[in-house]
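Text of the file run.tsv, holding TSV, N, CA and C atoms:
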```
chain	number	residue	atom	x	y	z
T	11	MET	N	0.84	-1.17	0.00
T	11	MET	CA	0.00	0.00	0.00
T	11	MET	C	0.89	1.24	0.00
T	12	GLN	N	0.52	2.16	-0.84
T	12	GLN	CA	1.22	3.43	-0.91
T	12	GLN	C	0.51	4.46	-0.02
T	13	PRO	N	1.27	5.43	0.51
T	13	PRO	CA	0.61	6.47	1.31
T	13	PRO	C	-0.50	7.15	0.50
T	14	GLY	N	-1.63	7.36	1.16
T	14	GLY	CA	-2.75	8.04	0.52
T	14	GLY	C	-3.72	7.13	-0.21
T	15	GLU	N	-3.42	5.84	-0.34
T	15	GLU	CA	-4.32	4.96	-1.09
T	15	GLU	C	-5.65	4.73	-0.37
T	16	TYR	N	-5.62	4.58	0.94
T	16	TYR	CA	-6.88	4.41	1.68
T	16	TYR	C	-7.76	5.64	1.50
T	17	GLU	N	-7.16	6.81	1.58
T	17	GLU	CA	-7.92	8.06	1.39
T	17	GLU	C	-8.53	8.11	0.00
T	18	ALA	N	-7.75	7.71	-1.00
T	18	ALA	CA	-8.24	7.74	-2.38
T	18	ALA	C	-9.39	6.75	-2.59
T	19	ILE	N	-9.30	5.58	-1.98
T	19	ILE	CA	-10.38	4.59	-2.10
T	19	ILE	C	-11.65	5.13	-1.45
T	20	THR	N	-11.55	5.57	-0.20
T	20	THR	CA	-12.76	6.03	0.50
T	20	THR	C	-13.28	7.34	-0.07
T	21	GLY	N	-12.41	8.12	-0.70
T	21	GLY	CA	-12.82	9.37	-1.32
T	21	GLY	C	-13.39	9.20	-2.71
T	22	GLY	N	-13.24	8.00	-3.29
T	22	GLY	CA	-13.80	7.72	-4.61
T	22	GLY	C	-12.97	8.20	-5.77
T	23	TYR	N	-11.69	8.50	-5.56
T	23	TYR	CA	-10.87	9.00	-6.65
T	23	TYR	C	-9.63	8.16	-6.93
T	24	HIS	N	-9.59	6.94	-6.41
T	24	HIS	CA	-8.46	6.04	-6.70
T	24	HIS	C	-8.54	5.60	-8.15
T	25	GLY	N	-7.44	5.62	-8.85
T	25	GLY	CA	-7.42	5.27	-10.26
T	25	GLY	C	-7.55	3.79	-10.57
T	26	ASP	N	-7.30	2.93	-9.60
T	26	ASP	CA	-7.36	1.48	-9.82
T	26	ASP	C	-7.84	0.78	-8.56
T	27	PRO	N	-9.15	0.88	-8.24
T	27	PRO	CA	-9.64	0.28	-7.00
T	27	PRO	C	-9.45	-1.24	-6.93
T	28	PHE	N	-9.38	-1.91	-8.09
T	28	PHE	CA	-9.18	-3.37	-8.07
T	28	PHE	C	-7.81	-3.74	-7.52
T	29	SER	N	-6.87	-2.79	-7.51
T	29	SER	CA	-5.54	-3.08	-6.96
T	29	SER	C	-5.57	-3.10	-5.43
T	30	ILE	N	-6.64	-2.56	-4.83
T	30	ILE	CA	-6.77	-2.50	-3.37
T	30	ILE	C	-7.90	-3.38	-2.88
T	31	LEU	N	-9.07	-3.27	-3.50
T	31	LEU	CA	-10.27	-3.97	-3.04
T	31	LEU	C	-10.34	-5.38	-3.60
T	32	GLY	N	-11.09	-6.23	-2.90
T	32	GLY	CA	-11.25	-7.61	-3.31
T	32	GLY	C	-10.17	-8.49	-2.70
T	33	PRO	N	-10.00	-9.71	-3.22
T	33	PRO	CA	-9.00	-10.63	-2.67
T	33	PRO	C	-7.62	-10.38	-3.28
T	34	HIS	N	-6.61	-10.44	-2.43
T	34	HIS	CA	-5.23	-10.26	-2.88
T	34	HIS	C	-4.31	-11.19	-2.11
T	35	GLU	N	-3.40	-11.82	-2.84
T	35	GLU	CA	-2.39	-12.63	-2.17
T	35	GLU	C	-1.33	-11.69	-1.61
T	36	GLU	N	-1.01	-11.89	-0.36
T	36	GLU	CA	0.01	-11.10	0.31
T	36	GLU	C	0.96	-12.03	1.02
T	37	LYS	N	2.06	-11.49	1.44
T	37	LYS	CA	3.06	-12.27	2.16
T	37	LYS	C	2.40	-13.04	3.31
T	38	GLY	N	2.51	-14.35	3.27
T	38	GLY	CA	1.99	-15.17	4.35
T	38	GLY	C	0.51	-15.52	4.26
T	39	GLY	N	-0.16	-15.19	3.16
T	39	GLY	CA	-1.57	-15.54	3.03
T	39	GLY	C	-2.31	-14.64	2.07
T	40	TRP	N	-3.57	-14.40	2.39
T	40	TRP	CA	-4.46	-13.60	1.55
T	40	TRP	C	-5.14	-12.53	2.38
T	41	VAL	N	-5.59	-11.48	1.72
T	41	VAL	CA	-6.38	-10.45	2.36
T	41	VAL	C	-7.58	-10.14	1.47
T	42	VAL	N	-8.72	-9.91	2.08
T	42	VAL	CA	-9.91	-9.44	1.37
T	42	VAL	C	-10.21	-8.05	1.91
T	43	ARG	N	-10.26	-7.06	1.01
T	43	ARG	CA	-10.60	-5.69	1.41
T	43	ARG	C	-11.90	-5.29	0.73
T	44	ALA	N	-12.71	-4.52	1.47
T	44	ALA	CA	-13.99	-4.08	0.92
T	44	ALA	C	-14.32	-2.68	1.45
T	45	LEU	N	-14.90	-1.88	0.59
T	45	LEU	CA	-15.38	-0.56	0.97
T	45	LEU	C	-16.86	-0.69	1.28
T	46	LEU	N	-17.20	-0.56	2.56
T	46	LEU	CA	-18.55	-0.81	3.04
T	46	LEU	C	-18.99	0.33	3.96
T	47	PRO	N	-19.20	1.53	3.41
T	47	PRO	CA	-19.57	2.67	4.26
T	47	PRO	C	-20.90	2.50	4.96
T	48	GLN	N	-21.75	1.59	4.48
T	48	GLN	CA	-23.06	1.35	5.08
T	48	GLN	C	-23.00	0.40	6.27
T	49	ALA	N	-21.81	-0.17	6.56
T	49	ALA	CA	-21.69	-1.22	7.57
T	49	ALA	C	-21.03	-0.72	8.85
T	50	THR	N	-21.50	-1.27	9.97
T	50	THR	CA	-20.81	-1.06	11.24
T	50	THR	C	-19.81	-2.18	11.50
T	51	SER	N	-20.07	-3.35	10.90
T	51	SER	CA	-19.15	-4.48	10.98
T	51	SER	C	-19.41	-5.38	9.78
T	52	ALA	N	-18.45	-6.26	9.51
T	52	ALA	CA	-18.58	-7.14	8.34
T	52	ALA	C	-17.81	-8.43	8.59
T	53	ARG	N	-18.25	-9.48	7.87
T	53	ARG	CA	-17.57	-10.77	7.91
T	53	ARG	C	-17.48	-11.32	6.50
T	54	VAL	N	-16.42	-12.07	6.25
T	54	VAL	CA	-16.27	-12.81	5.01
T	54	VAL	C	-16.90	-14.18	5.23
T	55	LEU	N	-17.79	-14.58	4.34
T	55	LEU	CA	-18.44	-15.89	4.42
T	55	LEU	C	-17.74	-16.84	3.44
T	56	LEU	N	-17.15	-17.88	4.00
T	56	LEU	CA	-16.46	-18.90	3.21
T	56	LEU	C	-17.16	-20.22	3.48
T	57	GLY	N	-18.22	-20.50	2.74
T	57	GLY	CA	-19.03	-21.68	3.05
T	57	GLY	C	-19.64	-21.51	4.43
T	58	GLU	N	-19.34	-22.43	5.34
T	58	GLU	CA	-19.85	-22.36	6.71
T	58	GLU	C	-18.96	-21.51	7.62
T	59	GLN	N	-17.76	-21.20	7.16
T	59	GLN	CA	-16.82	-20.42	7.96
T	59	GLN	C	-17.10	-18.92	7.82
T	60	ARG	N	-16.99	-18.20	8.93
T	60	ARG	CA	-17.16	-16.75	8.95
T	60	ARG	C	-15.91	-16.12	9.55
T	61	VAL	N	-15.34	-15.17	8.81
T	61	VAL	CA	-14.12	-14.50	9.26
T	61	VAL	C	-14.43	-13.02	9.46
T	62	GLU	N	-14.22	-12.53	10.68
T	62	GLU	CA	-14.47	-11.13	10.99
T	62	GLU	C	-13.53	-10.24	10.18
T	63	MET	N	-14.10	-9.14	9.70
T	63	MET	CA	-13.31	-8.12	9.02
T	63	MET	C	-13.02	-7.00	10.02
T	64	LYS	N	-11.86	-6.39	9.89
T	64	LYS	CA	-11.47	-5.29	10.76
T	64	LYS	C	-11.60	-3.98	9.98
T	65	ARG	N	-12.17	-2.97	10.62
T	65	ARG	CA	-12.21	-1.65	9.99
T	65	ARG	C	-10.78	-1.10	10.03
T	66	VAL	N	-10.22	-0.81	8.86
T	66	VAL	CA	-8.84	-0.36	8.80
T	66	VAL	C	-8.72	1.12	8.46
T	67	PHE	N	-9.84	1.74	8.07
T	67	PHE	CA	-9.79	3.16	7.74
T	67	PHE	C	-11.19	3.74	7.84
T	68	GLU	N	-11.26	5.00	8.30
T	68	GLU	CA	-12.55	5.69	8.37
T	68	GLU	C	-13.19	5.71	6.99
T	69	GLY	N	-14.49	5.75	6.96
T	69	GLY	CA	-15.20	5.76	5.69
T	69	GLY	C	-15.66	4.38	5.27
T	70	GLY	N	-15.36	3.36	6.09
T	70	GLY	CA	-15.89	2.03	5.81
T	70	GLY	C	-14.98	1.08	5.08
T	71	LEU	N	-13.67	1.24	5.18
T	71	LEU	CA	-12.74	0.30	4.55
T	71	LEU	C	-12.42	-0.82	5.55
T	72	PHE	N	-12.79	-2.05	5.18
T	72	PHE	CA	-12.60	-3.23	6.02
T	72	PHE	C	-11.65	-4.20	5.35
T	73	GLU	N	-10.99	-5.04	6.17
T	73	GLU	CA	-10.18	-6.11	5.61
T	73	GLU	C	-10.19	-7.32	6.54
T	74	ALA	N	-9.98	-8.47	5.93
T	74	ALA	CA	-9.85	-9.73	6.66
T	74	ALA	C	-8.62	-10.44	6.14
T	75	LYS	N	-7.82	-10.96	7.04
T	75	LYS	CA	-6.64	-11.74	6.67
T	75	LYS	C	-7.02	-13.21	6.69
T	76	LEU	N	-6.61	-13.91	5.63
T	76	LEU	CA	-6.95	-15.33	5.47
T	76	LEU	C	-5.69	-16.12	5.18
T	77	LYS	N	-5.70	-17.40	5.51
T	77	LYS	CA	-4.55	-18.26	5.24
T	77	LYS	C	-4.49	-18.66	3.77
T	78	ASP	N	-5.66	-18.92	3.17
T	78	ASP	CA	-5.71	-19.46	1.82
T	78	ASP	C	-6.53	-18.56	0.90
T	79	ASN	N	-6.41	-18.80	-0.39
T	79	ASN	CA	-7.21	-18.11	-1.40
T	79	ASN	C	-8.68	-18.30	-1.04
T	80	PRO	N	-9.44	-17.21	-0.90
T	80	PRO	CA	-10.83	-17.36	-0.48
T	80	PRO	C	-11.74	-17.95	-1.55
T	81	GLY	N	-11.33	-17.91	-2.82
T	81	GLY	CA	-12.19	-18.45	-3.87
T	81	GLY	C	-13.53	-17.72	-3.88
T	82	VAL	N	-14.61	-18.48	-3.91
T	82	VAL	CA	-15.95	-17.89	-3.90
T	82	VAL	C	-16.31	-17.54	-2.46
T	83	TYR	N	-16.62	-16.27	-2.24
T	83	TYR	CA	-17.02	-15.82	-0.91
T	83	TYR	C	-18.08	-14.74	-1.05
T	84	ARG	N	-18.75	-14.46	0.04
T	84	ARG	CA	-19.71	-13.35	0.12
T	84	ARG	C	-19.41	-12.55	1.38
T	85	LEU	N	-20.03	-11.40	1.50
T	85	LEU	CA	-19.82	-10.54	2.65
T	85	LEU	C	-21.11	-10.39	3.43
T	86	GLU	N	-21.02	-10.55	4.74
T	86	GLU	CA	-22.16	-10.36	5.63
T	86	GLU	C	-21.95	-9.05	6.37
T	87	LEU	N	-22.92	-8.14	6.25
T	87	LEU	CA	-22.79	-6.81	6.82
T	87	LEU	C	-23.80	-6.59	7.93
T	88	LYS	N	-23.36	-5.94	8.99
T	88	LYS	CA	-24.27	-5.39	9.99
T	88	LYS	C	-24.40	-3.92	9.60
T	89	LEU	N	-25.62	-3.50	9.31
T	89	LEU	CA	-25.85	-2.18	8.73
T	89	LEU	C	-26.02	-1.09	9.77
T	90	GLN	N	-25.58	0.12	9.42
T	90	GLN	CA	-25.72	1.26	10.32
T	90	GLN	C	-27.17	1.57	10.61
T	91	ARG	N	-28.05	1.37	9.65
T	91	ARG	CA	-29.48	1.68	9.81
T	91	ARG	C	-30.22	0.58	10.54
T	92	GLY	N	-29.49	-0.47	10.92
T	92	GLY	CA	-30.10	-1.61	11.60
T	92	GLY	C	-30.24	-2.77	10.64
T	93	GLY	N	-30.29	-3.94	11.18
T	93	GLY	CA	-30.43	-5.14	10.35
T	93	GLY	C	-29.09	-5.57	9.77
T	94	SER	N	-29.18	-6.56	8.90
T	94	SER	CA	-27.98	-7.09	8.25
T	94	SER	C	-28.35	-7.55	6.85
T	95	GLU	N	-27.31	-7.78	6.05
T	95	GLU	CA	-27.52	-8.32	4.71
T	95	GLU	C	-26.26	-9.05	4.26
T	96	VAL	N	-26.46	-9.95	3.33
T	96	VAL	CA	-25.36	-10.69	2.71
T	96	VAL	C	-25.27	-10.22	1.27
T	97	ILE	N	-24.06	-9.85	0.85
T	97	ILE	CA	-23.87	-9.33	-0.50
T	97	ILE	C	-22.71	-10.03	-1.19
T	98	GLU	N	-22.70	-9.96	-2.51
T	98	GLU	CA	-21.54	-10.36	-3.29
T	98	GLU	C	-20.54	-9.21	-3.22
T	99	ASP	N	-19.27	-9.53	-3.26
T	99	ASP	CA	-18.24	-8.51	-3.34
T	99	ASP	C	-17.94	-8.29	-4.82
T	100	PRO	N	-18.32	-7.14	-5.39
T	100	PRO	CA	-18.08	-6.93	-6.82
T	100	PRO	C	-16.60	-6.99	-7.20
T	101	TYR	N	-15.72	-6.73	-6.26
T	101	TYR	CA	-14.28	-6.76	-6.55
T	101	TYR	C	-13.72	-8.17	-6.53
T	102	ARG	N	-14.53	-9.14	-6.18
T	102	ARG	CA	-14.11	-10.55	-6.25
T	102	ARG	C	-13.97	-11.01	-7.69
T	103	PHE	N	-14.67	-10.33	-8.61
T	103	PHE	CA	-14.75	-10.78	-10.00
T	103	PHE	C	-13.67	-10.20	-10.90
T	104	GLY	N	-12.88	-9.27	-10.43
T	104	GLY	CA	-11.82	-8.68	-11.23
T	104	GLY	C	-12.34	-7.62	-12.18
T	105	PRO	N	-11.39	-6.85	-12.76
T	105	PRO	CA	-11.81	-5.74	-13.65
T	105	PRO	C	-12.38	-6.24	-14.97
```

Structure encoded using structure tokens:
Amino acid sequence: MQPGEYEAITGGYHGDPFSILGPHEEKGGWVVRALLPQATSARVLLGEQRVEMKRVFEGGLFEAKLKDNPGVYRLELKLQRGGSEVIEDPYRFGP
């Protein structure tokens, strides 16, 4: 990550959001990042497994560290307005 990239993502002016959001292989495993300004918390759903996401930046940028490639996953959100929902991560599909 370069300085200012989180700000650019949450501000909506990053030139290549796919380079930050979605699943990425990183040293020692994988990370899933998602911009979820409507959420107070989020989890990555991997079949029956649920992995908590950590808010890493104001404006709703969350990430979860995983050991393996997540493959097909969905996101479970606890919404600011109340309730919850399960969504597809559009950045899972690539540009």

### Task
Could you tell me which of T:Phe72, T:Pro47, T:Ser29, T:Asp78 comes closest to Gln90 in chain T if we count all atoms listed in the file?
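Selected residue with least distance to Gln90 in chain T: T:Pro47.
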
### Who sits within 12 Å of Gly92 in chain T, only C-alpha atoms, same chain under 3 positions skipped, as JSON, numbers by chain
{"T": [48, 49, 50, 51, 87, 88, 89, 95]}

### Message
as a PyMOL selection string, please: the residues near Lys77 in chain T (cut-off 10 Å, only C-alpha atoms, same-chain neighbours under 5 positions excluded).
### Response
chain T and resi 35-36+38-41

Which of chain T DSSP labels strand (DSSP E), written as a PDB file with N, CA and C atoms, in the frame of the given file:
```
ATOM      1  N   GLY T  32     -11.090  -6.230  -2.900  1.00  0.00           N
ATOM      2  CA  GLY T  32     -11.250  -7.610  -3.310  1.00  0.00           C
ATOM      3  C   GLY T  32     -10.170  -8.490  -2.700  1.00  0.00           C
ATOM      4  N   PRO T  33     -10.000  -9.710  -3.220  1.00  0.00           N
ATOM      5  CA  PRO T  33      -9.000 -10.630  -2.670  1.00  0.00           C
ATOM      6  C   PRO T  33      -7.620 -10.380  -3.280  1.00  0.00           C
ATOM      7  N   HIS T  34      -6.610 -10.440  -2.430  1.00  0.00           N
ATOM      8  CA  HIS T  34      -5.230 -10.260  -2.880  1.00  0.00           C
ATOM      9  C   HIS T  34      -4.310 -11.190  -2.110  1.00  0.00           C
ATOM     10  N   GLU T  35      -3.400 -11.820  -2.840  1.00  0.00           N
ATOM     11  CA  GLU T  35      -2.390 -12.630  -2.170  1.00  0.00           C
ATOM     12  C   GLU T  35      -1.330 -11.690  -1.610  1.00  0.00           C
ATOM     13  N   GLU T  36      -1.010 -11.890  -0.360  1.00  0.00           N
ATOM     14  CA  GLU T  36       0.010 -11.100   0.310  1.00  0.00           C
ATOM     15  C   GLU T  36       0.960 -12.030   1.020  1.00  0.00           C
ATOM     16  N   GLY T  39      -0.160 -15.190   3.160  1.00  0.00           N
ATOM     17  CA  GLY T  39      -1.570 -15.540   3.030  1.00  0.00           C
ATOM     18  C   GLY T  39      -2.310 -14.640   2.070  1.00  0.00           C
ATOM     19  N   TRP T  40      -3.570 -14.400   2.390  1.00  0.00           N
ATOM     20  CA  TRP T  40      -4.460 -13.600   1.550  1.00  0.00           C
ATOM     21  C   TRP T  40      -5.140 -12.530   2.380  1.00  0.00           C
ATOM     22  N   VAL T  41      -5.590 -11.480   1.720  1.00  0.00           N
ATOM     23  CA  VAL T  41      -6.380 -10.450   2.360  1.00  0.00           C
ATOM     24  C   VAL T  41      -7.580 -10.140   1.470  1.00  0.00           C
ATOM     25  N   VAL T  42      -8.720  -9.910   2.080  1.00  0.00           N
ATOM     26  CA  VAL T  42      -9.910  -9.440   1.370  1.00  0.00           C
ATOM     27  C   VAL T  42     -10.210  -8.050   1.910  1.00  0.00           C
ATOM     28  N   ARG T  43     -10.260  -7.060   1.010  1.00  0.00           N
ATOM     29  CA  ARG T  43     -10.600  -5.690   1.410  1.00  0.00           C
ATOM     30  C   ARG T  43     -11.900  -5.290   0.730  1.00  0.00           C
ATOM     31  N   ALA T  44     -12.710  -4.520   1.470  1.00  0.00           N
ATOM     32  CA  ALA T  44     -13.990  -4.080   0.920  1.00  0.00           C
ATOM     33  C   ALA T  44     -14.320  -2.680   1.450  1.00  0.00           C
ATOM     34  N   LEU T  45     -14.900  -1.880   0.590  1.00  0.00           N
ATOM     35  CA  LEU T  45     -15.380  -0.560   0.970  1.00  0.00           C
ATOM     36  C   LEU T  45     -16.860  -0.690   1.280  1.00  0.00           C
ATOM     37  N   ALA T  49     -21.810  -0.170   6.560  1.00  0.00           N
ATOM     38  CA  ALA T  49     -21.690  -1.220   7.570  1.00  0.00           C
ATOM     39  C   ALA T  49     -21.030  -0.720   8.850  1.00  0.00           C
ATOM     40  N   THR T  50     -21.500  -1.270   9.970  1.00  0.00           N
ATOM     41  CA  THR T  50     -20.810  -1.060  11.240  1.00  0.00           C
ATOM     42  C   THR T  50     -19.810  -2.180  11.500  1.00  0.00           C
ATOM     43  N   SER T  51     -20.070  -3.350  10.900  1.00  0.00           N
ATOM     44  CA  SER T  51     -19.150  -4.480  10.980  1.00  0.00           C
ATOM     45  C   SER T  51     -19.410  -5.380   9.780  1.00  0.00           C
ATOM     46  N   ALA T  52     -18.450  -6.260   9.510  1.00  0.00           N
ATOM     47  CA  ALA T  52     -18.580  -7.140   8.340  1.00  0.00           C
ATOM     48  C   ALA T  52     -17.810  -8.430   8.590  1.00  0.00           C
ATOM     49  N   ARG T  53     -18.250  -9.480   7.870  1.00  0.00           N
ATOM     50  CA  ARG T  53     -17.570 -10.770   7.910  1.00  0.00           C
ATOM     51  C   ARG T  53     -17.480 -11.320   6.500  1.00  0.00           C
ATOM     52  N   VAL T  54     -16.420 -12.070   6.250  1.00  0.00           N
ATOM     53  CA  VAL T  54     -16.270 -12.810   5.010  1.00  0.00           C
ATOM     54  C   VAL T  54     -16.900 -14.180   5.230  1.00  0.00           C
ATOM     55  N   LEU T  55     -17.790 -14.580   4.340  1.00  0.00           N
ATOM     56  CA  LEU T  55     -18.440 -15.890   4.420  1.00  0.00           C
ATOM     57  C   LEU T  55     -17.740 -16.840   3.440  1.00  0.00           C
ATOM     58  N   LEU T  56     -17.150 -17.880   4.000  1.00  0.00           N
ATOM     59  CA  LEU T  56     -16.460 -18.900   3.210  1.00  0.00           C
ATOM     60  C   LEU T  56     -17.160 -20.220   3.480  1.00  0.00           C
ATOM     61  N   GLN T  59     -17.760 -21.200   7.160  1.00  0.00           N
ATOM     62  CA  GLN T  59     -16.820 -20.420   7.960  1.00  0.00           C
ATOM     63  C   GLN T  59     -17.100 -18.920   7.820  1.00  0.00           C
ATOM     64  N   ARG T  60     -16.990 -18.200   8.930  1.00  0.00           N
ATOM     65  CA  ARG T  60     -17.160 -16.750   8.950  1.00  0.00           C
ATOM     66  C   ARG T  60     -15.910 -16.120   9.550  1.00  0.00           C
ATOM     67  N   VAL T  61     -15.340 -15.170   8.810  1.00  0.00           N
ATOM     68  CA  VAL T  61     -14.120 -14.500   9.260  1.00  0.00           C
ATOM     69  C   VAL T  61     -14.430 -13.020   9.460  1.00  0.00           C
ATOM     70  N   GLU T  62     -14.220 -12.530  10.680  1.00  0.00           N
ATOM     71  CA  GLU T  62     -14.470 -11.130  10.990  1.00  0.00           C
ATOM     72  C   GLU T  62     -13.530 -10.240  10.180  1.00  0.00           C
ATOM     73  N   LYS T  64     -11.860  -6.390   9.890  1.00  0.00           N
ATOM     74  CA  LYS T  64     -11.470  -5.290  10.760  1.00  0.00           C
ATOM     75  C   LYS T  64     -11.600  -3.980   9.980  1.00  0.00           C
ATOM     76  N   ARG T  65     -12.170  -2.970  10.620  1.00  0.00           N
ATOM     77  CA  ARG T  65     -12.210  -1.650   9.990  1.00  0.00           C
ATOM     78  C   ARG T  65     -10.780  -1.100  10.030  1.00  0.00           C
ATOM     79  N   VAL T  66     -10.220  -0.810   8.860  1.00  0.00           N
ATOM     80  CA  VAL T  66      -8.840  -0.360   8.800  1.00  0.00           C
ATOM     81  C   VAL T  66      -8.720   1.120   8.460  1.00  0.00           C
ATOM     82  N   PHE T  67      -9.840   1.740   8.070  1.00  0.00           N
ATOM     83  CA  PHE T  67      -9.790   3.160   7.740  1.00  0.00           C
ATOM     84  C   PHE T  67     -11.190   3.740   7.840  1.00  0.00           C
ATOM     85  N   LEU T  71     -13.670   1.240   5.180  1.00  0.00           N
ATOM     86  CA  LEU T  71     -12.740   0.300   4.550  1.00  0.00           C
ATOM     87  C   LEU T  71     -12.420  -0.820   5.550  1.00  0.00           C
ATOM     88  N   PHE T  72     -12.790  -2.050   5.180  1.00  0.00           N
ATOM     89  CA  PHE T  72     -12.600  -3.230   6.020  1.00  0.00           C
ATOM     90  C   PHE T  72     -11.650  -4.200   5.350  1.00  0.00           C
ATOM     91  N   GLU T  73     -10.990  -5.040   6.170  1.00  0.00           N
ATOM     92  CA  GLU T  73     -10.180  -6.110   5.610  1.00  0.00           C
ATOM     93  C   GLU T  73     -10.190  -7.320   6.540  1.00  0.00           C
ATOM     94  N   ALA T  74      -9.980  -8.470   5.930  1.00  0.00           N
ATOM     95  CA  ALA T  74      -9.850  -9.730   6.660  1.00  0.00           C
ATOM     96  C   ALA T  74      -8.620 -10.440   6.140  1.00  0.00           C
ATOM     97  N   LYS T  75      -7.820 -10.960   7.040  1.00  0.00           N
ATOM     98  CA  LYS T  75      -6.640 -11.740   6.670  1.00  0.00           C
ATOM     99  C   LYS T  75      -7.020 -13.210   6.690  1.00  0.00           C
ATOM    100  N   LEU T  76      -6.610 -13.910   5.630  1.00  0.00           N
ATOM    101  CA  LEU T  76      -6.950 -15.330   5.470  1.00  0.00           C
ATOM    102  C   LEU T  76      -5.690 -16.120   5.180  1.00  0.00           C
ATOM    103  N   ARG T  84     -18.750 -14.460   0.040  1.00  0.00           N
ATOM    104  CA  ARG T  84     -19.710 -13.350   0.120  1.00  0.00           C
ATOM    105  C   ARG T  84     -19.410 -12.550   1.380  1.00  0.00           C
ATOM    106  N   LEU T  85     -20.030 -11.400   1.500  1.00  0.00           N
ATOM    107  CA  LEU T  85     -19.820 -10.540   2.650  1.00  0.00           C
ATOM    108  C   LEU T  85     -21.110 -10.390   3.430  1.00  0.00           C
ATOM    109  N   GLU T  86     -21.020 -10.550   4.740  1.00  0.00           N
ATOM    110  CA  GLU T  86     -22.160 -10.360   5.630  1.00  0.00           C
ATOM    111  C   GLU T  86     -21.950  -9.050   6.370  1.00  0.00           C
ATOM    112  N   LEU T  87     -22.920  -8.140   6.250  1.00  0.00           N
ATOM    113  CA  LEU T  87     -22.790  -6.810   6.820  1.00  0.00           C
ATOM    114  C   LEU T  87     -23.800  -6.590   7.930  1.00  0.00           C
ATOM    115  N   LYS T  88     -23.360  -5.940   8.990  1.00  0.00           N
ATOM    116  CA  LYS T  88     -24.270  -5.390   9.990  1.00  0.00           C
ATOM    117  C   LYS T  88     -24.400  -3.920   9.600  1.00  0.00           C
ATOM    118  N   LEU T  89     -25.620  -3.500   9.310  1.00  0.00           N
ATOM    119  CA  LEU T  89     -25.850  -2.180   8.730  1.00  0.00           C
ATOM    120  C   LEU T  89     -26.020  -1.090   9.770  1.00  0.00           C
ATOM    121  N   SER T  94     -29.180  -6.560   8.900  1.00  0.00           N
ATOM    122  CA  SER T  94     -27.980  -7.090   8.250  1.00  0.00           C
ATOM    123  C   SER T  94     -28.350  -7.550   6.850  1.00  0.00           C
ATOM    124  N   GLU T  95     -27.310  -7.780   6.050  1.00  0.00           N
ATOM    125  CA  GLU T  95     -27.520  -8.320   4.710  1.00  0.00           C
ATOM    126  C   GLU T  95     -26.260  -9.050   4.260  1.00  0.00           C
ATOM    127  N   VAL T  96     -26.460  -9.950   3.330  1.00  0.00           N
ATOM    128  CA  VAL T  96     -25.360 -10.690   2.710  1.00  0.00           C
ATOM    129  C   VAL T  96     -25.270 -10.220   1.270  1.00  0.00           C
ATOM    130  N   ILE T  97     -24.060  -9.850   0.850  1.00  0.00           N
ATOM    131  CA  ILE T  97     -23.870  -9.330  -0.500  1.00  0.00           C
ATOM    132  C   ILE T  97     -22.710 -10.030  -1.190  1.00  0.00           C
TER     133      ILE T  97
END
```

### Task
Counting only N, CA and C atoms, figure out which residue out of T:Met63, T:Leu31, T:Leu55, T:Leu46 gets nearest to Pro80 in chain T.
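Going through T:Met63, T:Leu31, T:Leu55, T:Leu46 one by one, the smallest distance to Pro80 in chain T is for T:Leu55.
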
### Task
Calculate how many Å separate CA of Asp26 in chain T from CA of Val61 in chain T, rounding to one decimal.
25.8 Å
